[in-house]
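Visitor: Dumping the structure here so I can ask a few things about it.
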Amino acid sequence: MLSLRDLSVAYDGHRVVDEVRLDLPDGEVLAVLGPSGCGKSTLLRAIAGLEVLASGSVAWDGADQVDVPTHKRGFALMFQDGQLFPHLTVGRNVGYALRLRRVPDTAVRVEELLEMVGLGGYADRLPASLSGGERQRVALARSLAVDPRLLLLDEPLSALDKGLRERLAGELREILRTAGTTTLMVTHDHEEAFTVADRLAVMRSGAVVQQGPIDQVWRAPADPETALFLGYARVLVDDAAAVLLAAAGRDPAPAVAIRRSALTVAETGPLTGIVRSSRITPEQVRLEVDVDRLGVVDAVSPLDRHPGPGQQVALVVDQTRLAALGRGGAS
Amino acid sequence: MIRHPGRRLSRLAALSLLPVAALGVFFVLPVLGMLAQGFWPEGEFDPGGVLEVLARPRVHRVLWFTVWSAAAGTAISVLLGLPAAHVLYRLHLPFRRGVRAALLVPFVLPTVVVGVAFRQLLGTSGPLGFLALDQTAVAIVAGLVFFNVAVVIRVVGTAWESLDPRPAQAAATLGASPWQVFRSVTLPALRPAIVSAASVVFLFCATAFGIVLTLGGVRYATVETEIYLLTTTVFDLQGAAALSVLQLAVVVALLAITQRLRAVPDPTVERPRPTAHRPTRADLPSVLVTLLLLVFVATPVLTLAAGSLRADGAWSLDNYRALGTSGEQQALLVPVSDALVTSLRTAVDATWISLTMGLLVAMIVTRRSLTRAERRLRGALDGFFMLPLGVSAVTLGFGFLITLDQPPLDLRDSPLLVPIAQALVALPLVVRTIVPVLAGVDDRQRQAAASLGATPLRALLTVDLPAVWKPLLAAGGFAFAVSLGEFGATSFLARDEHPTLPVVIYQLLGHPGELNYGMALAGSVVLAGATAVVVLAVDRLRVPSVGAF
């Protein structure tokens with residue numbers, strides 16, 4: 001089990017990672033989610049022992065790792081761009097850690113690992129001849145070959161194009177489940193985090209602002225900014241929040257975050273408004289509706305119903321698609 | 001508008017006309033003239049005579065000594081230079097920059113000065129006289145290492161400094177210890193730089209002249225000193241030509257290898273630069289090696305300085321005062337101070353000549369080639385201009401004497417003869433300093449300037465000039481220092497009434513008398529001081545490609 005206590009990293013006196021406390025139980029996959037520049041990659045490198053800590057501790061099963069050099073921690077870090085050794089073949093890259101440990105006859109194990117990431121028979125190729133996705137798979141196999149206590153993934157899929165990213169995210173989840181490896185992954189893409197991880201930690205300006213099981217964080221974001229970063233479309237505050245929560249039949253709260261699909265056009269409903277714009281997508285019609293006492297909000301309607309701008313519509317609220325928030329910075 | 005490739009080629013040809021012509025007249029012609037003396041001894045083609053020379057037992061001994069002393073010098077330079085490159089370019093230590101600059105000085109110290117310094121150190125009355133190393137092979141190899149370890153540190157250090165740290169970190173997270181990381185990741189990544197440094201050092205060691213001449217005495221000779229001996233003392237031009245051909249062939253082969261290995265990193269790729277880290281216990285051995293190296297480099301220099309301040313068994317400035325005279329028993333034709341003035345004048349001329357040519361060459365070889373023919377042409381020109389790097393300065397000097405002595409090229413009495421020869425010796429260094437900078441300028445910058453309406457000249461001023469002025473200044477300083485210390489070619493070409501300082505020092509060494517020896521020491525200190533000042537000033541400009549090859 002990994003425990004971070006008040007871990008800080010500073011560059012020139014400026015704290016890039018600020019007193020982070022995190023726990024990661026064995027066998028679970030934690031995603032650290034945050035915008036670029038929030039310090040999440042630095043946090044990852046600090047855990048791996050590649051950054052000097054300003055304060056705090058990194059512990060594994062209660063044993064402090066701060067003075068343990070990187071190569072003795074047993075934490076394998078997979079870089080954003082793989083960092084395959086260009087002068088070694090795929091097979092020798094994957095078998096690198098095995099050779100370091102003088103494991104006899106690595107060929108079988110290497111082929112197994114390559115099979116696991118879907119690259120059987122690639123052992124003799126050079127990294128330069130691989131596509132971006134293939135390189136990341138080799139990097140993953142290389143990291144898993146160590147049989148690490150903890151696998152650290154730095155934006156493992158962000159160098160890939162969208163379609164490949166979605167497919168590989170699913171595969172990554174399967175591979176990690178099969179291997180049973182405790183994993184900490186940082187990403188700026190919440191979809192990727194939801195696909196791969198069990199737990200979520202949201203990071204902003206160097207600090208972890210919220211953490212917990214993924215559905216819990218998802219259902220109850222700590223503050224408006226977190227909600228927006230998790231993919232909520234808008235945050236309503238004060239009076240507007242009260243009106244919406246009342247319409248949903250929920251207790252009042254200072255603020256509420258709503259998803260794009262929280263409001264649906266219906267025959268009748270608790271709210272009414274004037275359509276401002278509408279746009280057809282393959283799944284549904286997306287609307288912007290000016291609702292009395294709420295202001296302009298997003299709404300959707302089924303494809304067979306297609307209200308145009310200026311038209312008055314009734315809206316029902318799907319209360320599973322909104323999250324009541326405490327009072328935070330207004331948005 | 002798409003320019004016709006033919007027009008580009010003709011423009012390239014026009015641009016390269018001046019440097020090619022200059023190198024043709026002042027390099028190819030003299031070297032060929034020298035060779036002709038050997039192959040056509042009596043006006044008839046006689047290659048058999050040359051082969052006969054190569055069969056002489058003495059030539060075999062000379063060849064063998066050249067190869068093994070150069071190999072030993074190279075191996076030791078690399079072994080000492082690698083840890084020092086790590087310490088000076090990757091560790092966060094106080095005085096790092098100062099030490100780096102200080103280690104660059106030996107490389108440009110005049111060979112004669114280094115010879116004098118080592119003899120002062122190892123001679124029977126010197127501080128290390130008890131080792132009885134004076135005039136031994138060990139002394140020669142030590143001298144070679146003294147010179148060339150700076151090359152290894154510089155070349156490998158700059159490569160190491162800009163090495164992407166992430167593969168090494170990836171290896172560490174996979175469980176590789178620092179030593180395993182070095183063996184399996186760092187060393188393979190540095191291999192091109194190490195091989196390139198080693199081949200350049202081997203080249204310098206194998207063609208070393210002044211150092212072998214002053215340290216080797218009569219017992220040891222390399223191909224280079226043998227050529228000198230055969231031409232000036234024995235007048236065996238056939239023998240000298242045979243050795244020159246041999247040397248030329250080996251040097252061209254080595255240059256071809258280094259050219260191939262000199263991989264220029266893609267300048268358009270942004271790479272994270274590693275920050276220097278604080279030394280840990282694992283760095284202790286390399287720090288110790290570096291300290292040892294500093295002692296090794298400083299000792300001869302300090303002994304030299306101390307020796308120059310001793311006269312008649314007491315501390316005094318007499319040796320320096322005597323620099324205004326022409327020595328005991330009229331050892332010299334002119335006072336040493338006159339020689340210093342000649343040296344400085346010559347160096348100024350050599351500097352502007354090599355800078356002009358170097359800049360033209362650098363522009364020619366760095367512009368992007370559009371066709372394969374163009375690329376081949378540029379590659380060939382690049383190699384051509386590197387030739388002076390390894391061709392024996394002695395061959396060059398002697399070639400000047402025998403080919404540039406009749407109309408229309410009667411330059412024997414031209415005051416530019418020595419500067420031109422020295423400029424050719426410095427040319428490769430100038431080119432190697434400027435080329436990486438010009439090559440690093442993203443061609444799209446020029447295209448952007450052009451698309452905004454800048455003429456080619458204007459684009460040059462906007463894009464290239466700001467990048468290149470500092471390296472140009474640094475290259476100028478470097479050329480100046482090289483010219484100040486040049487001995488091989490100058491020893492042939494300097495006129496008796498206008499000798500340069502290194503020539504005068506060598507003459508003083510050859511004359512008996514304590515004062516003459518003292519003056520040689522004092523003159524060496526002055527010369528070393530002048531070059532050191534220039535090199536340290538160049539280092540302040542912080543141009544990474546200076547002294548890299």
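In the structure tokens, chains take the letters A, B, ... in the order shown, each chain's residues start at 1, and ligands count up from 1 in the order shown.
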Can you list, as JSON, numbers by chain, all residues belonging to segment 94-235 of chain A that DSSP tags as alpha helix (DSSP H)?
Guide: {"A": [94, 96, 97, 98, 99, 100, 107, 108, 109, 110, 111, 112, 113, 114, 115, 116, 132, 133, 134, 135, 136, 137, 138, 139, 140, 141, 142, 143, 144, 145, 162, 163, 164, 165, 166, 167, 168, 169, 170, 171, 172, 173, 174, 175, 176, 177, 178, 179, 190, 191, 192, 193, 194, 195, 196, 214, 215, 216, 217, 218, 219, 224, 225, 226, 227, 228, 229]}
Visitor: Report the residues of segment 43-289 of chain A whose backbone DSSP state falls under strand (DSSP E), written as an NGL selection string.
Guide: :A and (55-60 or 63-64 or 75-78 or 150-154 or 183-187 or 199-204 or 207-213 or 234-237 or 255-258 or 263-266 or 271-280 or 285-289)
Visitor: Measuring between only C-alpha atoms, which one of B:Met34, B:Ser77, B:Gly175, B:Gly98 shows the shortest distance to Arg540 of chain B?
Guide: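 Distance minimum relative to Arg540 of chain B lands on B:Gly98.
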Visitor: Report the distance between atom CA of Arg286 of chain A and atom CA of Ser261 of chain A in Å, rounded to one decimal place.
Guide: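 Rounded to one decimal, the two atoms are 8.5 Å apart.
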Visitor: For chain A, report every residue with an atom at most 7 Å from chain B (counting only C-alpha atoms), formatted as a ChimeraX atom specification.
Guide: /A:48,70-72,74-77,83,85,97,100,143,146
Visitor: Let me see the file: selected residues, C-alpha atoms, as an mmCIF file, in the first residue's frame.
Guide:
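Dumped to out-v8.cif:
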```cif
data_model
loop_
_atom_site.group_PDB
_atom_site.id
_atom_site.type_symbol
_atom_site.label_atom_id
_atom_site.label_comp_id
_atom_site.auth_asym_id
_atom_site.auth_seq_id
_atom_site.Cartn_x
_atom_site.Cartn_y
_atom_site.Cartn_z
ATOM 1 C CA ALA A 48 9.381 7.294 -8.482
ATOM 2 C CA THR A 70 14.845 4.963 -7.748
ATOM 3 C CA HIS A 71 16.138 1.603 -8.925
ATOM 4 C CA LYS A 72 15.530 -0.038 -5.548
ATOM 5 C CA GLY A 74 10.359 -1.354 -7.327
ATOM 6 C CA PHE A 75 8.112 1.354 -8.778
ATOM 7 C CA ALA A 76 8.083 1.127 -12.579
ATOM 8 C CA LEU A 77 7.400 4.410 -14.355
ATOM 9 C CA GLN A 83 11.029 6.121 -23.733
ATOM 10 C CA PHE A 85 15.640 2.353 -25.715
ATOM 11 C CA ALA A 97 14.589 -5.643 -16.339
ATOM 12 C CA LEU A 100 19.145 -6.852 -14.924
ATOM 13 C CA SER A 143 7.168 -1.932 -17.149
ATOM 14 C CA VAL A 146 9.655 -5.984 -13.600
#
```
Visitor: So, counting only C-alpha atoms, which residue among B:Ser69, B:Ser162, B:Thr531, B:Thr395 is closest to Thr232 of chain B?
Guide: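 Ranked by minimum distance to Thr232 of chain B, first place goes to B:Thr395.
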Visitor: For Val316 of chain A, list every protein, DNA or RNA residue within 6 Å, evaluated using only C-alpha atoms, and leave out those in the same chain fewer than 2 positions away; present the list as a list of chain:residue names.
Guide: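 Residues meeting the cut-off are A:Leu263, A:Thr264, A:Gly269.
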Visitor: Could you write out the selected residues, including N, CA and C atoms, as a PDB file, in the first residue's frame?
Guide:
```pdb
ATOM      1  N   LEU A 263     -31.245  18.179 -18.193  1.00  0.00           N
ATOM      2  CA  LEU A 263     -32.569  18.696 -18.533  1.00  0.00           C
ATOM      3  C   LEU A 263     -33.000  18.121 -19.866  1.00  0.00           C
ATOM      4  N   THR A 264     -34.208  17.522 -19.897  1.00  0.00           N
ATOM      5  CA  THR A 264     -34.700  16.903 -21.126  1.00  0.00           C
ATOM      6  C   THR A 264     -36.048  17.528 -21.500  1.00  0.00           C
ATOM      7  N   GLY A 269     -43.494  19.545 -17.718  1.00  0.00           N
ATOM      8  CA  GLY A 269     -42.404  19.436 -16.766  1.00  0.00           C
ATOM      9  C   GLY A 269     -42.435  20.588 -15.808  1.00  0.00           C
TER      10      GLY A 269
END
```
Visitor: Have a look at atom CA of Ala193 of chain A and atom CA of Leu33 of chain A and let me know their distance in Å, one decimal.
Guide: 7.1 Å
Visitor: Can you tell me which residues surround segment 305-316 of chain B at a distance of at most 10 Å, considering only C-alpha atoms, apart from same-chain residues fewer than 5 positions away, and format the answer as a list in words?
Guide: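 What passes the distance filter is Ala117, Gln120, Leu121, Gly126, Thr299, Pro300, Arg321, Glu514, Leu515, Tyr517, Gly518, Met519, Ala520, Leu521, Ala522, Gly523, Ser524, Val525, Val526 and Ala528 of chain B.
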Visitor: Go ahead and save the picked residues with C-alpha atoms, as an mmCIF file, in the first residue's frame.
Guide:
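Result file out16.cif:
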```cif
data_model
loop_
_atom_site.group_PDB
_atom_site.id
_atom_site.type_symbol
_atom_site.label_atom_id
_atom_site.label_comp_id
_atom_site.auth_asym_id
_atom_site.auth_seq_id
_atom_site.Cartn_x
_atom_site.Cartn_y
_atom_site.Cartn_z
ATOM 1 C CA ALA B 117 56.983 22.606 -19.448
ATOM 2 C CA GLN B 120 61.209 21.402 -16.909
ATOM 3 C CA LEU B 121 59.075 19.032 -14.834
ATOM 4 C CA GLY B 126 63.057 19.110 -12.169
ATOM 5 C CA THR B 299 51.712 20.627 -12.481
ATOM 6 C CA PRO B 300 53.674 21.169 -15.711
ATOM 7 C CA ARG B 321 64.073 41.272 -18.487
ATOM 8 C CA GLU B 514 71.463 29.019 -18.754
ATOM 9 C CA LEU B 515 70.054 32.399 -19.693
ATOM 10 C CA TYR B 517 67.004 28.285 -21.311
ATOM 11 C CA GLY B 518 65.596 30.741 -18.799
ATOM 12 C CA MET B 519 64.454 33.002 -21.625
ATOM 13 C CA ALA B 520 62.768 30.024 -23.303
ATOM 14 C CA LEU B 521 60.853 29.412 -20.077
ATOM 15 C CA ALA B 522 59.901 33.083 -19.720
ATOM 16 C CA GLY B 523 58.870 33.296 -23.378
ATOM 17 C CA SER B 524 56.760 30.158 -22.921
ATOM 18 C CA VAL B 525 54.998 31.692 -19.948
ATOM 19 C CA VAL B 526 54.239 34.850 -21.945
ATOM 20 C CA ALA B 528 50.893 30.518 -22.605
#
```
Visitor: From the set B:Pro47, B:Gly383, B:Pro415, B:Gly24, which residue has the shortest atom-to-atom contact distance to Leu254 of chain B, counting only C-alpha atoms?
Guide: B:Gly383
Visitor: Just to confirm, what's the straight-line distance from atom CA of Val301 of chain B to atom CA of Gly529 of chain B in Å (one decimal)?
Guide: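 Going from atom CA of Val301 of chain B over to atom CA of Gly529 of chain B, I get 10.4 Å.
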Visitor: Can you tell me, as a count of residues only, what residues are no more than 12 Å from Ser125 of chain B when counting only C-alpha atoms, ignoring any on the same chain fewer than 6 positions away?
Guide: 8
Visitor: Mind checking which residues fall within 6 Å of segment 473-476 of chain B, counting only C-alpha atoms, ignoring those fewer than 4 positions away in the same chain, and posting them as number ranges by chain?
Guide: B: 351, 430, 538
Visitor: Can you tell me which residues surround Leu291 of chain B at a distance of at most 12 Å, considering only C-alpha atoms, apart from same-chain residues fewer than 4 positions away, and format the answer as a list of chain:residue names?
Guide: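 The contact residues come out as B:Leu80, B:Gly81, B:Pro83, B:Ala84, B:Val87, B:Leu88, B:Arg96, B:Val99, B:Leu103, B:Leu284, B:Pro285, B:Ser286, B:Val287, B:Val295, B:Phe296, B:Val297, B:Ala298.
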Visitor: Those residues you just picked out, can you put them in a file as a JSON list (two decimals), in the first residue's frame with N, CA and C atoms?
Guide:
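Saved result, out-v5.json, follows:
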```json
[["chain", "number", "residue", "atom", "x", "y", "z"],
["B", 80, "LEU", "N", 40.44, 9.07, -18.88],
["B", 80, "LEU", "CA", 40.42, 10.17, -17.91],
["B", 80, "LEU", "C", 39.33, 11.18, -18.23],
["B", 81, "GLY", "N", 39.05, 11.34, -19.54],
["B", 81, "GLY", "CA", 38.11, 12.37, -19.96],
["B", 81, "GLY", "C", 36.66, 12.04, -19.64],
["B", 83, "PRO", "N", 35.14, 10.33, -16.97],
["B", 83, "PRO", "CA", 34.68, 10.75, -15.63],
["B", 83, "PRO", "C", 34.68, 12.26, -15.48],
["B", 84, "ALA", "N", 35.70, 12.92, -16.07],
["B", 84, "ALA", "CA", 35.76, 14.38, -15.93],
["B", 84, "ALA", "C", 34.58, 15.04, -16.65],
["B", 87, "VAL", "N", 31.63, 14.74, -14.37],
["B", 87, "VAL", "CA", 31.70, 15.65, -13.22],
["B", 87, "VAL", "C", 31.45, 17.09, -13.66],
["B", 88, "LEU", "N", 32.07, 17.49, -14.79],
["B", 88, "LEU", "CA", 32.04, 18.91, -15.16],
["B", 88, "LEU", "C", 30.78, 19.31, -15.90],
["B", 96, "ARG", "N", 32.50, 24.96, -11.30],
["B", 96, "ARG", "CA", 32.41, 24.04, -12.43],
["B", 96, "ARG", "C", 32.82, 24.72, -13.73],
["B", 99, "VAL", "N", 36.61, 25.52, -13.92],
["B", 99, "VAL", "CA", 37.43, 24.34, -14.18],
["B", 99, "VAL", "C", 37.31, 23.92, -15.63],
["B", 103, "LEU", "N", 40.41, 23.73, -18.26],
["B", 103, "LEU", "CA", 40.80, 22.50, -18.95],
["B", 103, "LEU", "C", 40.82, 22.67, -20.46],
["B", 284, "LEU", "N", 31.78, 9.75, -6.31],
["B", 284, "LEU", "CA", 33.08, 10.01, -5.70],
["B", 284, "LEU", "C", 34.26, 9.61, -6.60],
["B", 285, "PRO", "N", 34.25, 8.39, -7.19],
["B", 285, "PRO", "CA", 35.39, 8.01, -8.03],
["B", 285, "PRO", "C", 35.62, 9.00, -9.17],
["B", 286, "SER", "N", 34.55, 9.42, -9.83],
["B", 286, "SER", "CA", 34.78, 10.32, -10.97],
["B", 286, "SER", "C", 35.25, 11.69, -10.50],
["B", 287, "VAL", "N", 34.79, 12.14, -9.33],
["B", 287, "VAL", "CA", 35.29, 13.41, -8.81],
["B", 287, "VAL", "C", 36.78, 13.30, -8.51],
["B", 295, "VAL", "N", 45.34, 18.15, -11.25],
["B", 295, "VAL", "CA", 46.72, 18.18, -10.76],
["B", 295, "VAL", "C", 47.67, 17.90, -11.92],
["B", 296, "PHE", "N", 47.31, 16.88, -12.72],
["B", 296, "PHE", "CA", 48.15, 16.48, -13.85],
["B", 296, "PHE", "C", 48.32, 17.63, -14.85],
["B", 297, "VAL", "N", 47.24, 18.40, -15.06],
["B", 297, "VAL", "CA", 47.29, 19.49, -16.03],
["B", 297, "VAL", "C", 48.00, 20.69, -15.43],
["B", 298, "ALA", "N", 47.81, 20.91, -14.13],
["B", 298, "ALA", "CA", 48.36, 22.12, -13.52],
["B", 298, "ALA", "C", 49.85, 22.00, -13.26]]
```
Visitor: For Ile280 of chain A, which residue out of A:Glu225, A:Asp304, A:Asp292, A:Asp12 is the nearest one, using only C-alpha atoms?
Guide: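 Of all the options, A:Asp304 lies closest to Ile280 of chain A.
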Visitor: Measuring between only C-alpha atoms, which one of A:Asp26, A:Glu111, A:Glu192, A:Asp298 shows the shortest distance to Gly180 of chain A?
Guide: A:Asp26
Visitor: Considering only C-alpha atoms, state which residue in the set B:Ala454, B:Leu396, B:Val482, B:Ala331 is at the smallest distance from Thr346 of chain B.
Guide: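 Nearest to Thr346 of chain B: B:Val482.
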